[in-house]
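Everything below concerns the one structure shown next.
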Amino acid sequence: MASDAPATLPVQLAEQPRLLKLKKMFISKFGSAPKFYARAPGRVNLIGEHIDYCGYAVLPMAIEQDILIAVEPVKTQVVQLANTNPLYLDFSTSVNNIHVNKTKPVWHNYFLCGLKGVQEHFGLNSSTGMNCLLDGTIPPSSGLSSSSALVCCAGLVMLTANGKTLSKAKLIEFSPLRATDVRLPSGAAFVIANSCVEMNKAATSHFNIRVMECRLATKLLSKSKGLEWEKMLKLQDVQAKLGVSLKKMLTIVEEVFHPEPYSVEEICTCLGISLEELRTQILSQNTQDVTTFKLYQRAKHVYSEAARVLEFKTICSEAPASAIQLLGELMNQSHISCRDMYECSCPELDQLVDICLQFGAIGSRLTGAGWGGCTVSMVPSDKLSTFLTNVKEAYYKSNDQRLALEKNSLFATKPGGGALVFLEA
């Protein structure tokens with residue numbers, strides 16, 4: 001079984017201003033120099049929103065913005081964690097007694113999750129203590145996976161500090177994902193624009209209700225087609241069992257569901273169960289008090305969005321002359337579906353998408369969970385400079401709060417590198 005140590009890259013710090021600055025800040029903080037630096041990128045989902053937990057593929061792109069952590073392993077069994085951003089307070093804990101407070105989504109808990117994941121995977125009872133200084137360039141709560149990048153980077157830190165490797169086979173077993181490279185067309189740039197509206201998934205019922213609506217739609221579709229609906233959990237399960245295309249699934253959605261919201265009583269009638277059985281066997285704790293669910297709209301979004309992801313991939317593979325226009329249209333359709341069918345947009349995101357399209361984007365859509373966060377737009381490379389100027393003027397300069405955040409809120413990005421470890425050469 002081949003094993004892979006974390007990718008390492010020797011660097012001259014004199015040629016890396018950000019690493020050099022981080023090193024100086026580390027020495028000032030801890031009184032000694034870091035031994036290595038770990039990096040994990042943020043990512044933007046180009047298309048495929050709210051369909052991963054329904055069993056369907058999405059199309060994310062690693063971006064240049066990242067989490068970077070300077071690390072010095074120490075002989076004590078203590079992890080000391082600091083952040084270059086003074087808004088995030090220092091934290092320390094015993095490395096062999098990590099406790100993650102699940103009720104508080106504070107920044108250091110994501111770091112601890114990465115450490116604990118590696119500890120549990122390897123059964124480490126005596127881990128190396130560490131001094132760590134973190135620097136992040138991913139806007140938080142923006143849908144660009146800043147928290148995921150922090151968890152991944154912390155895991156990379158723990159692996160490297162303890163001299164551990166993860167086998168590819170184990171990695172796949174641990175997280176059963178299949179990844180396929182997709183070549184994006186040349187001649188266009190991807191621009192991320194932050195709406196400056198923060199949406200905390202952990203503190204809202206929106207996301208939880210959408211997940212349950214997809215689960216209930218799965219049950220009702222399965223029941224209508226004579227499948228073992230009790231065992232069906234995801235909308236993709238229904239398609240797989242029926243062995244039909246996504247286009248056919250959209251036809252079935254039209255046949256089975258009505259557009260009006262379903263009451264819990266109607267859902268019980270359709271499934272032939274009692275209200276008590278619905279609440280104890282299907283509804284989650286945080287959806288117990290919801291009285292109506294939109295099943296038609298959610299299922300229609302999921303199946304149509306899954307089809308758009310496949311079409312996006314096909315266009316990238318075949319690279320027709322009109323690829324940029326075709327991909328842009330798919331992005332536009334995706335946003336409309338997120339806005340109208342999944343209802344995960346917000347007025348600011350809709351305004352930002354309209355502005356981006358007005359000033360030359362071929363396609364523009366919300367990205368991430370929605371209800372705030374960012375848009376991603378595909379812009380012809382030769383129009384990029386003018387596009388950025390016009391969007392800044394139209395969206396950010398019209399609002400003092402947005403203008404204060406604009407520096408890190410509007411930027412062009414390209415596919416970035418993956419996670420790796422830097423060693424000072």
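We name chains A, B, ... following the order of the structure tokens; residues begin at 1 in each chain, and ligands are numbered from 1 as shown.
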
(Q) I need the residues of region 362-405 of chain A that end up classed as strand (DSSP E or B) by DSSP on the backbone, written out as a list in words. (A)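 Secondary structure check on region 362-405 of chain A, strand (DSSP E or B): Gly363, Ser364, Arg365, Leu366, Thr367, Cys374, Thr375, Val376, Ser377, Met378, Val379 and Pro380 of chain A.
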
Would you mind exporting the chosen residues as a PDB file, in the first residue's frame, restricted to all heavy atoms?
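Output contents, as saved in result27.pdb:
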```pdb
ATOM      1  N   GLY A 363     -21.435  34.878 -17.252  1.00  0.00           N
ATOM      2  CA  GLY A 363     -22.267  34.123 -16.318  1.00  0.00           C
ATOM      3  C   GLY A 363     -21.971  34.588 -14.909  1.00  0.00           C
ATOM      4  O   GLY A 363     -20.843  34.979 -14.598  1.00  0.00           O
ATOM      5  N   SER A 364     -22.987  34.571 -14.053  1.00  0.00           N
ATOM      6  CA  SER A 364     -22.786  34.986 -12.667  1.00  0.00           C
ATOM      7  C   SER A 364     -23.798  34.273 -11.789  1.00  0.00           C
ATOM      8  O   SER A 364     -24.953  34.095 -12.172  1.00  0.00           O
ATOM      9  CB  SER A 364     -22.955  36.508 -12.535  1.00  0.00           C
ATOM     10  OG  SER A 364     -22.599  36.940 -11.236  1.00  0.00           O
ATOM     11  N   ARG A 365     -23.358  33.841 -10.621  1.00  0.00           N
ATOM     12  CA  ARG A 365     -24.231  33.084  -9.733  1.00  0.00           C
ATOM     13  C   ARG A 365     -23.732  33.171  -8.295  1.00  0.00           C
ATOM     14  O   ARG A 365     -22.568  33.479  -8.063  1.00  0.00           O
ATOM     15  CB  ARG A 365     -24.272  31.607 -10.155  1.00  0.00           C
ATOM     16  CG  ARG A 365     -22.924  30.927 -10.125  1.00  0.00           C
ATOM     17  CD  ARG A 365     -22.973  29.483 -10.591  1.00  0.00           C
ATOM     18  NE  ARG A 365     -23.773  28.682  -9.680  1.00  0.00           N
ATOM     19  CZ  ARG A 365     -23.308  28.149  -8.556  1.00  0.00           C
ATOM     20  NH1 ARG A 365     -22.053  28.360  -8.188  1.00  0.00           N
ATOM     21  NH2 ARG A 365     -24.080  27.417  -7.795  1.00  0.00           N
ATOM     22  N   LEU A 366     -24.647  32.927  -7.352  1.00  0.00           N
ATOM     23  CA  LEU A 366     -24.200  32.797  -5.967  1.00  0.00           C
ATOM     24  C   LEU A 366     -23.359  31.532  -5.859  1.00  0.00           C
ATOM     25  O   LEU A 366     -23.492  30.599  -6.650  1.00  0.00           O
ATOM     26  CB  LEU A 366     -25.385  32.762  -5.003  1.00  0.00           C
ATOM     27  CG  LEU A 366     -26.350  31.562  -5.032  1.00  0.00           C
ATOM     28  CD1 LEU A 366     -25.840  30.358  -4.251  1.00  0.00           C
ATOM     29  CD2 LEU A 366     -27.707  31.965  -4.470  1.00  0.00           C
ATOM     30  N   THR A 367     -22.491  31.498  -4.870  1.00  0.00           N
ATOM     31  CA  THR A 367     -21.687  30.307  -4.645  1.00  0.00           C
ATOM     32  C   THR A 367     -21.599  30.041  -3.157  1.00  0.00           C
ATOM     33  O   THR A 367     -21.634  30.968  -2.357  1.00  0.00           O
ATOM     34  CB  THR A 367     -20.273  30.447  -5.253  1.00  0.00           C
ATOM     35  OG1 THR A 367     -19.573  29.209  -5.128  1.00  0.00           O
ATOM     36  CG2 THR A 367     -19.466  31.551  -4.607  1.00  0.00           C
ATOM     37  N   CYS A 374     -20.783  34.972  -1.254  1.00  0.00           N
ATOM     38  CA  CYS A 374     -20.191  35.470  -2.495  1.00  0.00           C
ATOM     39  C   CYS A 374     -20.943  35.072  -3.753  1.00  0.00           C
ATOM     40  O   CYS A 374     -21.719  34.116  -3.766  1.00  0.00           O
ATOM     41  CB  CYS A 374     -18.758  34.951  -2.618  1.00  0.00           C
ATOM     42  SG  CYS A 374     -17.620  35.669  -1.434  1.00  0.00           S
ATOM     43  N   THR A 375     -20.636  35.830  -4.806  1.00  0.00           N
ATOM     44  CA  THR A 375     -20.990  35.420  -6.165  1.00  0.00           C
ATOM     45  C   THR A 375     -19.695  35.040  -6.885  1.00  0.00           C
ATOM     46  O   THR A 375     -18.612  35.497  -6.515  1.00  0.00           O
ATOM     47  CB  THR A 375     -21.661  36.557  -6.960  1.00  0.00           C
ATOM     48  OG1 THR A 375     -20.736  37.653  -7.089  1.00  0.00           O
ATOM     49  CG2 THR A 375     -22.926  37.040  -6.266  1.00  0.00           C
ATOM     50  N   VAL A 376     -19.825  34.199  -7.902  1.00  0.00           N
ATOM     51  CA  VAL A 376     -18.707  33.915  -8.799  1.00  0.00           C
ATOM     52  C   VAL A 376     -19.168  34.247 -10.210  1.00  0.00           C
ATOM     53  O   VAL A 376     -20.279  33.876 -10.613  1.00  0.00           O
ATOM     54  CB  VAL A 376     -18.221  32.447  -8.680  1.00  0.00           C
ATOM     55  CG1 VAL A 376     -19.328  31.446  -8.987  1.00  0.00           C
ATOM     56  CG2 VAL A 376     -17.016  32.205  -9.589  1.00  0.00           C
ATOM     57  N   SER A 377     -18.346  34.981 -10.933  1.00  0.00           N
ATOM     58  CA  SER A 377     -18.699  35.417 -12.281  1.00  0.00           C
ATOM     59  C   SER A 377     -17.602  35.022 -13.265  1.00  0.00           C
ATOM     60  O   SER A 377     -16.416  35.077 -12.930  1.00  0.00           O
ATOM     61  CB  SER A 377     -18.885  36.940 -12.334  1.00  0.00           C
ATOM     62  OG  SER A 377     -19.903  37.359 -11.445  1.00  0.00           O
ATOM     63  N   MET A 378     -18.010  34.628 -14.459  1.00  0.00           N
ATOM     64  CA  MET A 378     -17.049  34.335 -15.518  1.00  0.00           C
ATOM     65  C   MET A 378     -16.989  35.553 -16.439  1.00  0.00           C
ATOM     66  O   MET A 378     -18.000  35.968 -17.006  1.00  0.00           O
ATOM     67  CB  MET A 378     -17.461  33.083 -16.295  1.00  0.00           C
ATOM     68  CG  MET A 378     -16.396  32.629 -17.264  1.00  0.00           C
ATOM     69  SD  MET A 378     -16.646  30.929 -17.844  1.00  0.00           S
ATOM     70  CE  MET A 378     -18.247  31.090 -18.610  1.00  0.00           C
ATOM     71  N   VAL A 379     -15.787  36.126 -16.550  1.00  0.00           N
ATOM     72  CA  VAL A 379     -15.611  37.400 -17.252  1.00  0.00           C
ATOM     73  C   VAL A 379     -14.558  37.230 -18.344  1.00  0.00           C
ATOM     74  O   VAL A 379     -13.491  36.663 -18.082  1.00  0.00           O
ATOM     75  CB  VAL A 379     -15.150  38.496 -16.260  1.00  0.00           C
ATOM     76  CG1 VAL A 379     -14.997  39.837 -16.960  1.00  0.00           C
ATOM     77  CG2 VAL A 379     -16.135  38.614 -15.096  1.00  0.00           C
ATOM     78  N   PRO A 380     -14.822  37.690 -19.571  1.00  0.00           N
ATOM     79  CA  PRO A 380     -13.784  37.641 -20.608  1.00  0.00           C
ATOM     80  C   PRO A 380     -12.521  38.343 -20.121  1.00  0.00           C
ATOM     81  O   PRO A 380     -12.590  39.427 -19.531  1.00  0.00           O
ATOM     82  CB  PRO A 380     -14.421  38.399 -21.780  1.00  0.00           C
ATOM     83  CG  PRO A 380     -15.906  38.259 -21.563  1.00  0.00           C
ATOM     84  CD  PRO A 380     -16.078  38.270 -20.070  1.00  0.00           C
TER      85      PRO A 380
END
```

List as a CSV table (one decimal) with all heavy atoms, in the first residue's frame the protein and nucleic acid residues near Val353 (chain A), meaning an atom at most 12 Å away when only C-alpha atoms are counted, but skip any in the same chain fewer than 3 places from it.
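Now in selection-v1.csv:
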```
chain,number,residue,atom,x,y,z
A,191,VAL,N,-14.2,35.8,-11.3
A,191,VAL,CA,-14.2,36.9,-10.3
A,191,VAL,C,-15.1,36.6,-9.2
A,191,VAL,O,-16.3,36.2,-9.4
A,191,VAL,CB,-14.6,38.2,-11.0
A,191,VAL,CG1,-14.6,39.3,-9.9
A,191,VAL,CG2,-13.6,38.6,-12.1
A,192,ILE,N,-14.6,36.7,-8.0
A,192,ILE,CA,-15.4,36.5,-6.8
A,192,ILE,C,-15.7,37.8,-6.2
A,192,ILE,O,-14.8,38.7,-6.0
A,192,ILE,CB,-14.6,35.6,-5.7
A,192,ILE,CG1,-14.4,34.2,-6.3
A,192,ILE,CG2,-15.3,35.5,-4.4
A,192,ILE,CD1,-13.4,33.4,-5.6
A,193,ALA,N,-17.0,38.0,-5.9
A,193,ALA,CA,-17.4,39.2,-5.3
A,193,ALA,C,-18.3,38.9,-4.0
A,193,ALA,O,-19.2,38.1,-4.1
A,193,ALA,CB,-18.3,40.0,-6.3
A,194,ASN,N,-17.8,39.5,-2.9
A,194,ASN,CA,-18.5,39.2,-1.6
A,194,ASN,C,-19.7,40.2,-1.4
A,194,ASN,O,-19.5,41.4,-1.5
A,194,ASN,CB,-17.5,39.4,-0.5
A,194,ASN,CG,-18.0,38.8,0.8
A,194,ASN,OD1,-19.2,38.6,1.0
A,194,ASN,ND2,-17.1,38.4,1.7
A,195,SER,N,-20.8,39.7,-1.1
A,195,SER,CA,-22.0,40.5,-0.9
A,195,SER,C,-21.9,41.3,0.4
A,195,SER,O,-22.7,42.2,0.6
A,195,SER,CB,-23.3,39.7,-0.9
A,195,SER,OG,-23.3,38.8,0.3
A,331,MET,N,-24.3,28.9,-15.7
A,331,MET,CA,-24.1,29.6,-14.4
A,331,MET,C,-25.3,30.5,-14.2
A,331,MET,O,-25.8,30.5,-13.0
A,331,MET,CB,-22.8,30.4,-14.5
A,331,MET,CG,-21.6,29.6,-14.5
A,331,MET,SD,-20.0,30.6,-14.6
A,331,MET,CE,-20.0,31.4,-13.0
A,332,ASN,N,-25.8,31.1,-15.2
A,332,ASN,CA,-27.0,32.0,-15.0
A,332,ASN,C,-28.2,31.2,-14.7
A,332,ASN,O,-29.0,31.6,-13.8
A,332,ASN,CB,-27.3,32.8,-16.3
A,332,ASN,CG,-26.2,33.8,-16.6
A,332,ASN,OD1,-25.4,34.2,-15.7
A,332,ASN,ND2,-26.0,34.2,-17.9
A,333,GLN,N,-28.4,30.0,-15.3
A,333,GLN,CA,-29.5,29.2,-15.0
A,333,GLN,C,-29.4,28.7,-13.6
A,333,GLN,O,-30.4,28.5,-12.9
A,333,GLN,CB,-29.6,28.0,-16.0
A,333,GLN,CG,-29.9,28.3,-17.4
A,333,GLN,CD,-29.7,27.1,-18.3
A,333,GLN,OE1,-29.5,26.0,-17.9
A,333,GLN,NE2,-29.8,27.4,-19.6
A,334,SER,N,-28.2,28.4,-13.1
A,334,SER,CA,-28.0,27.9,-11.8
A,334,SER,C,-28.4,28.9,-10.8
A,334,SER,O,-29.1,28.6,-9.8
A,334,SER,CB,-26.5,27.5,-11.6
A,334,SER,OG,-26.2,27.2,-10.2
A,335,HIS,N,-28.1,30.2,-11.0
A,335,HIS,CA,-28.5,31.2,-10.0
A,335,HIS,C,-30.0,31.4,-10.0
A,335,HIS,O,-30.5,31.5,-8.9
A,335,HIS,CB,-27.8,32.6,-10.4
A,335,HIS,CG,-28.2,33.6,-9.3
A,335,HIS,ND1,-27.6,33.6,-8.1
A,335,HIS,CD2,-29.1,34.6,-9.4
A,335,HIS,CE1,-28.2,34.6,-7.4
A,335,HIS,NE2,-29.1,35.2,-8.1
A,336,ILE,N,-30.6,31.4,-11.1
A,336,ILE,CA,-32.1,31.5,-11.2
A,336,ILE,C,-32.7,30.4,-10.4
A,336,ILE,O,-33.7,30.6,-9.6
A,336,ILE,CB,-32.6,31.5,-12.6
A,336,ILE,CG1,-32.1,32.8,-13.3
A,336,ILE,CG2,-34.1,31.4,-12.7
A,336,ILE,CD1,-32.3,32.8,-14.8
A,339,ARG,N,-32.2,30.9,-6.7
A,339,ARG,CA,-33.0,32.0,-6.2
A,339,ARG,C,-34.5,31.6,-6.1
A,339,ARG,O,-35.1,31.9,-5.1
A,339,ARG,CB,-32.8,33.2,-7.2
A,339,ARG,CG,-33.6,34.5,-6.8
A,339,ARG,CD,-33.6,35.5,-8.0
A,339,ARG,NE,-34.4,35.0,-9.1
A,339,ARG,CZ,-34.2,35.4,-10.4
A,339,ARG,NH1,-33.3,36.4,-10.6
A,339,ARG,NH2,-35.0,34.9,-11.3
A,345,SER,N,-30.9,32.4,-2.0
A,345,SER,CA,-30.3,33.7,-2.3
A,345,SER,C,-30.7,34.7,-1.3
A,345,SER,O,-31.4,34.4,-0.3
A,345,SER,CB,-30.6,34.1,-3.8
A,345,SER,OG,-29.8,35.2,-4.1
A,346,CYS,N,-30.4,36.0,-1.6
A,346,CYS,CA,-30.9,37.1,-0.8
A,346,CYS,C,-30.8,38.4,-1.7
A,346,CYS,O,-30.2,38.3,-2.7
A,346,CYS,CB,-30.0,37.3,0.5
A,346,CYS,SG,-28.3,37.8,0.2
A,347,PRO,N,-31.5,39.4,-1.3
A,347,PRO,CA,-31.5,40.6,-2.2
A,347,PRO,C,-30.2,41.1,-2.6
A,347,PRO,O,-30.0,41.5,-3.7
A,347,PRO,CB,-32.3,41.7,-1.3
A,347,PRO,CG,-33.1,40.9,-0.4
A,347,PRO,CD,-32.3,39.6,-0.1
A,348,GLU,N,-29.2,41.1,-1.7
A,348,GLU,CA,-27.9,41.6,-2.0
A,348,GLU,C,-27.2,40.7,-3.0
A,348,GLU,O,-26.5,41.3,-3.9
A,348,GLU,CB,-27.0,41.7,-0.7
A,348,GLU,CG,-27.5,42.7,0.3
A,348,GLU,CD,-28.6,42.2,1.2
A,348,GLU,OE1,-29.1,41.1,1.0
A,348,GLU,OE2,-29.0,43.0,2.1
A,349,LEU,N,-27.3,39.4,-2.9
A,349,LEU,CA,-26.7,38.5,-3.9
A,349,LEU,C,-27.3,38.7,-5.3
A,349,LEU,O,-26.6,38.8,-6.3
A,349,LEU,CB,-26.8,37.1,-3.4
A,349,LEU,CG,-25.9,36.5,-2.4
A,349,LEU,CD1,-26.3,35.2,-1.9
A,349,LEU,CD2,-24.5,36.5,-2.9
A,350,ASP,N,-28.7,38.9,-5.3
A,350,ASP,CA,-29.4,39.1,-6.6
A,350,ASP,C,-28.9,40.4,-7.2
A,350,ASP,O,-28.7,40.5,-8.4
A,350,ASP,CB,-30.9,39.1,-6.3
A,350,ASP,CG,-31.4,37.7,-5.9
A,350,ASP,OD1,-30.7,36.7,-6.1
A,350,ASP,OD2,-32.5,37.7,-5.3
A,356,CYS,N,-23.0,42.4,-12.0
A,356,CYS,CA,-21.9,41.7,-12.7
A,356,CYS,C,-22.3,41.4,-14.1
A,356,CYS,O,-21.5,41.5,-15.0
A,356,CYS,CB,-21.6,40.4,-11.9
A,356,CYS,SG,-20.8,40.6,-10.4
A,357,LEU,N,-23.5,40.9,-14.3
A,357,LEU,CA,-24.0,40.7,-15.7
A,357,LEU,C,-24.1,42.0,-16.5
A,357,LEU,O,-23.8,42.0,-17.7
A,357,LEU,CB,-25.4,40.0,-15.7
A,357,LEU,CG,-25.4,38.5,-15.2
A,357,LEU,CD1,-26.8,38.0,-15.0
A,357,LEU,CD2,-24.5,37.6,-16.1
A,358,GLN,N,-24.5,43.1,-15.9
A,358,GLN,CA,-24.6,44.4,-16.5
A,358,GLN,C,-23.3,44.9,-17.0
A,358,GLN,O,-23.2,45.5,-18.1
A,358,GLN,CB,-25.2,45.4,-15.5
A,358,GLN,CG,-25.3,46.8,-16.1
A,358,GLN,CD,-25.7,47.8,-15.0
A,358,GLN,OE1,-26.2,47.4,-13.9
A,358,GLN,NE2,-25.6,49.1,-15.2
A,359,PHE,N,-22.2,44.5,-16.3
A,359,PHE,CA,-20.9,45.1,-16.6
A,359,PHE,C,-20.0,44.1,-17.3
A,359,PHE,O,-18.8,44.2,-17.3
A,359,PHE,CB,-20.2,45.7,-15.4
A,359,PHE,CG,-20.9,47.0,-14.9
A,359,PHE,CD1,-21.5,47.0,-13.7
A,359,PHE,CD2,-20.9,48.1,-15.8
A,359,PHE,CE1,-22.1,48.2,-13.3
A,359,PHE,CE2,-21.5,49.3,-15.3
A,359,PHE,CZ,-22.1,49.3,-14.1
A,360,GLY,N,-20.6,43.1,-17.9
A,360,GLY,CA,-19.8,42.2,-18.8
A,360,GLY,C,-19.6,40.8,-18.5
A,360,GLY,O,-18.9,40.0,-19.3
A,361,ALA,N,-20.0,40.3,-17.3
A,361,ALA,CA,-19.9,38.9,-17.0
A,361,ALA,C,-20.7,38.1,-18.0
A,361,ALA,O,-21.9,38.4,-18.3
A,361,ALA,CB,-20.3,38.6,-15.6
A,362,ILE,N,-20.2,37.0,-18.4
A,362,ILE,CA,-20.9,36.0,-19.3
A,362,ILE,C,-21.9,35.2,-18.5
A,362,ILE,O,-23.0,34.8,-18.9
A,362,ILE,CB,-19.9,35.1,-20.1
A,362,ILE,CG1,-18.9,36.0,-20.9
A,362,ILE,CG2,-20.7,34.2,-21.0
A,362,ILE,CD1,-19.5,36.9,-21.9
A,363,GLY,N,-21.4,34.9,-17.3
A,363,GLY,CA,-22.3,34.1,-16.3
A,363,GLY,C,-22.0,34.6,-14.9
A,363,GLY,O,-20.8,35.0,-14.6
A,364,SER,N,-23.0,34.6,-14.1
A,364,SER,CA,-22.8,35.0,-12.7
A,364,SER,C,-23.8,34.3,-11.8
A,364,SER,O,-25.0,34.1,-12.2
A,364,SER,CB,-23.0,36.5,-12.5
A,364,SER,OG,-22.6,36.9,-11.2
A,365,ARG,N,-23.4,33.8,-10.6
A,365,ARG,CA,-24.2,33.1,-9.7
A,365,ARG,C,-23.7,33.2,-8.3
A,365,ARG,O,-22.6,33.5,-8.1
A,365,ARG,CB,-24.3,31.6,-10.2
A,365,ARG,CG,-22.9,30.9,-10.1
A,365,ARG,CD,-23.0,29.5,-10.6
A,365,ARG,NE,-23.8,28.7,-9.7
A,365,ARG,CZ,-23.3,28.1,-8.6
A,365,ARG,NH1,-22.1,28.4,-8.2
A,365,ARG,NH2,-24.1,27.4,-7.8
A,366,LEU,N,-24.6,32.9,-7.4
A,366,LEU,CA,-24.2,32.8,-6.0
A,366,LEU,C,-23.4,31.5,-5.9
A,366,LEU,O,-23.5,30.6,-6.7
A,366,LEU,CB,-25.4,32.8,-5.0
A,366,LEU,CG,-26.3,31.6,-5.0
A,366,LEU,CD1,-25.8,30.4,-4.3
A,366,LEU,CD2,-27.7,32.0,-4.5
A,367,THR,N,-22.5,31.5,-4.9
A,367,THR,CA,-21.7,30.3,-4.6
A,367,THR,C,-21.6,30.0,-3.2
A,367,THR,O,-21.6,31.0,-2.4
A,367,THR,CB,-20.3,30.4,-5.3
A,367,THR,OG1,-19.6,29.2,-5.1
A,367,THR,CG2,-19.5,31.6,-4.6
A,374,CYS,N,-20.8,35.0,-1.3
A,374,CYS,CA,-20.2,35.5,-2.5
A,374,CYS,C,-20.9,35.1,-3.8
A,374,CYS,O,-21.7,34.1,-3.8
A,374,CYS,CB,-18.8,35.0,-2.6
A,374,CYS,SG,-17.6,35.7,-1.4
A,375,THR,N,-20.6,35.8,-4.8
A,375,THR,CA,-21.0,35.4,-6.2
A,375,THR,C,-19.7,35.0,-6.9
A,375,THR,O,-18.6,35.5,-6.5
A,375,THR,CB,-21.7,36.6,-7.0
A,375,THR,OG1,-20.7,37.7,-7.1
A,375,THR,CG2,-22.9,37.0,-6.3
A,376,VAL,N,-19.8,34.2,-7.9
A,376,VAL,CA,-18.7,33.9,-8.8
A,376,VAL,C,-19.2,34.2,-10.2
A,376,VAL,O,-20.3,33.9,-10.6
A,376,VAL,CB,-18.2,32.4,-8.7
A,376,VAL,CG1,-19.3,31.4,-9.0
A,376,VAL,CG2,-17.0,32.2,-9.6
A,377,SER,N,-18.3,35.0,-10.9
A,377,SER,CA,-18.7,35.4,-12.3
A,377,SER,C,-17.6,35.0,-13.3
A,377,SER,O,-16.4,35.1,-12.9
A,377,SER,CB,-18.9,36.9,-12.3
A,377,SER,OG,-19.9,37.4,-11.4
A,378,MET,N,-18.0,34.6,-14.5
A,378,MET,CA,-17.0,34.3,-15.5
A,378,MET,C,-17.0,35.6,-16.4
A,378,MET,O,-18.0,36.0,-17.0
A,378,MET,CB,-17.5,33.1,-16.3
A,378,MET,CG,-16.4,32.6,-17.3
A,378,MET,SD,-16.6,30.9,-17.8
A,378,MET,CE,-18.2,31.1,-18.6
A,391,VAL,N,-17.9,47.2,-11.1
A,391,VAL,CA,-18.5,46.5,-10.0
A,391,VAL,C,-18.2,47.2,-8.7
A,391,VAL,O,-19.1,47.4,-7.9
A,391,VAL,CB,-18.2,45.0,-10.0
A,391,VAL,CG1,-18.7,44.4,-8.8
A,391,VAL,CG2,-18.7,44.3,-11.3
A,394,ALA,N,-20.3,50.3,-8.6
A,394,ALA,CA,-21.8,50.1,-8.5
A,394,ALA,C,-22.2,49.5,-7.2
A,394,ALA,O,-23.3,49.8,-6.7
A,394,ALA,CB,-22.3,49.3,-9.7
A,395,TYR,N,-21.4,48.5,-6.7
A,395,TYR,CA,-21.9,47.8,-5.5
A,395,TYR,C,-21.2,48.2,-4.2
A,395,TYR,O,-21.9,48.4,-3.2
A,395,TYR,CB,-21.7,46.3,-5.7
A,395,TYR,CG,-22.3,45.5,-4.6
A,395,TYR,CD1,-23.7,45.2,-4.6
A,395,TYR,CD2,-21.6,44.9,-3.6
A,395,TYR,CE1,-24.3,44.5,-3.6
A,395,TYR,CE2,-22.2,44.2,-2.5
A,395,TYR,CZ,-23.5,44.0,-2.6
A,395,TYR,OH,-24.1,43.2,-1.6
```

**Q.** Neighbour list for Glu255 (chain A) as a PyMOL selection string, cut-off 10 Å, only C-alpha atoms, skip fewer than 4 positions in-chain
**A.** chain A and resi 221+224+249-251+296

With N, CA, C and O atoms retained, write the just-selected residues as a PDB file, in the first residue's frame.
```pdb
ATOM      1  N   LEU A 221     -41.125  10.592  -3.476  1.00  0.00           N
ATOM      2  CA  LEU A 221     -40.857  10.093  -4.824  1.00  0.00           C
ATOM      3  C   LEU A 221     -40.726   8.574  -4.808  1.00  0.00           C
ATOM      4  O   LEU A 221     -41.271   7.873  -5.676  1.00  0.00           O
ATOM      5  N   SER A 224     -44.082   6.881  -4.344  1.00  0.00           N
ATOM      6  CA  SER A 224     -44.930   6.971  -5.538  1.00  0.00           C
ATOM      7  C   SER A 224     -44.517   5.976  -6.616  1.00  0.00           C
ATOM      8  O   SER A 224     -45.321   5.593  -7.467  1.00  0.00           O
ATOM      9  N   MET A 249     -36.090  12.211 -14.469  1.00  0.00           N
ATOM     10  CA  MET A 249     -36.407  12.522 -13.071  1.00  0.00           C
ATOM     11  C   MET A 249     -37.157  13.845 -12.963  1.00  0.00           C
ATOM     12  O   MET A 249     -38.070  13.997 -12.142  1.00  0.00           O
ATOM     13  N   LEU A 250     -36.786  14.806 -13.803  1.00  0.00           N
ATOM     14  CA  LEU A 250     -37.495  16.092 -13.792  1.00  0.00           C
ATOM     15  C   LEU A 250     -38.939  15.922 -14.247  1.00  0.00           C
ATOM     16  O   LEU A 250     -39.849  16.572 -13.714  1.00  0.00           O
ATOM     17  N   THR A 251     -39.161  15.026 -15.192  1.00  0.00           N
ATOM     18  CA  THR A 251     -40.538  14.720 -15.628  1.00  0.00           C
ATOM     19  C   THR A 251     -41.321  14.069 -14.493  1.00  0.00           C
ATOM     20  O   THR A 251     -42.486  14.409 -14.249  1.00  0.00           O
ATOM     21  N   TYR A 296     -41.644  20.104  -4.271  1.00  0.00           N
ATOM     22  CA  TYR A 296     -41.538  20.244  -5.735  1.00  0.00           C
ATOM     23  C   TYR A 296     -40.338  21.114  -6.098  1.00  0.00           C
ATOM     24  O   TYR A 296     -39.494  20.738  -6.927  1.00  0.00           O
TER      25      TYR A 296
END
```

Q: Point out the residue among A:His50, A:Arg18, A:Lys116, A:Lys414 with the least atom-to-atom distance to Ile69 (chain A), counting only C-alpha atoms.
A: A:Arg18

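Closest approach to Lys234 (chain A) from the set A:Gln285, A:Ser186, A:Gln65, A:Ser222 is made by A:Ser222, with distances taken over only C-alpha atoms.
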
Q.
I need the residues in region 76-140 of chain A that are alpha helix (DSSP H) according to DSSP; give them as a VMD selection string.
A. chain A and resid 107 to 122

Q) Which neighbours of Leu403 (chain A) fall inside 12 Å, counting only C-alpha atoms, when residues of the same chain fewer than 2 positions from it are skipped, and could you give them as a VMD selection string? A) chain A and resid 194 to 196 391 to 401 405 to 410

Q.
One number please: CA of Cys113 (chain A) to CA of Met158 (chain A), in Å, one decimal.
A.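 Answer for the CA of Cys113 (chain A) to CA of Met158 (chain A) separation: 10.8 Å.
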
Q: Quick one: everything within 9 Å of Ser127 (chain A), counting only C-alpha atoms, minus sequence neighbours fewer than 5 positions away in the same chain. Send it as a PyMOL selection string.
A: chain A and resi 77+95-96+119+158+161-162

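Candidate residues A:Val244, A:Leu166, A:Leu310, A:Ala82 were compared for distance to Ala57 (chain A), and the nearest is A:Leu310, using only C-alpha atoms.
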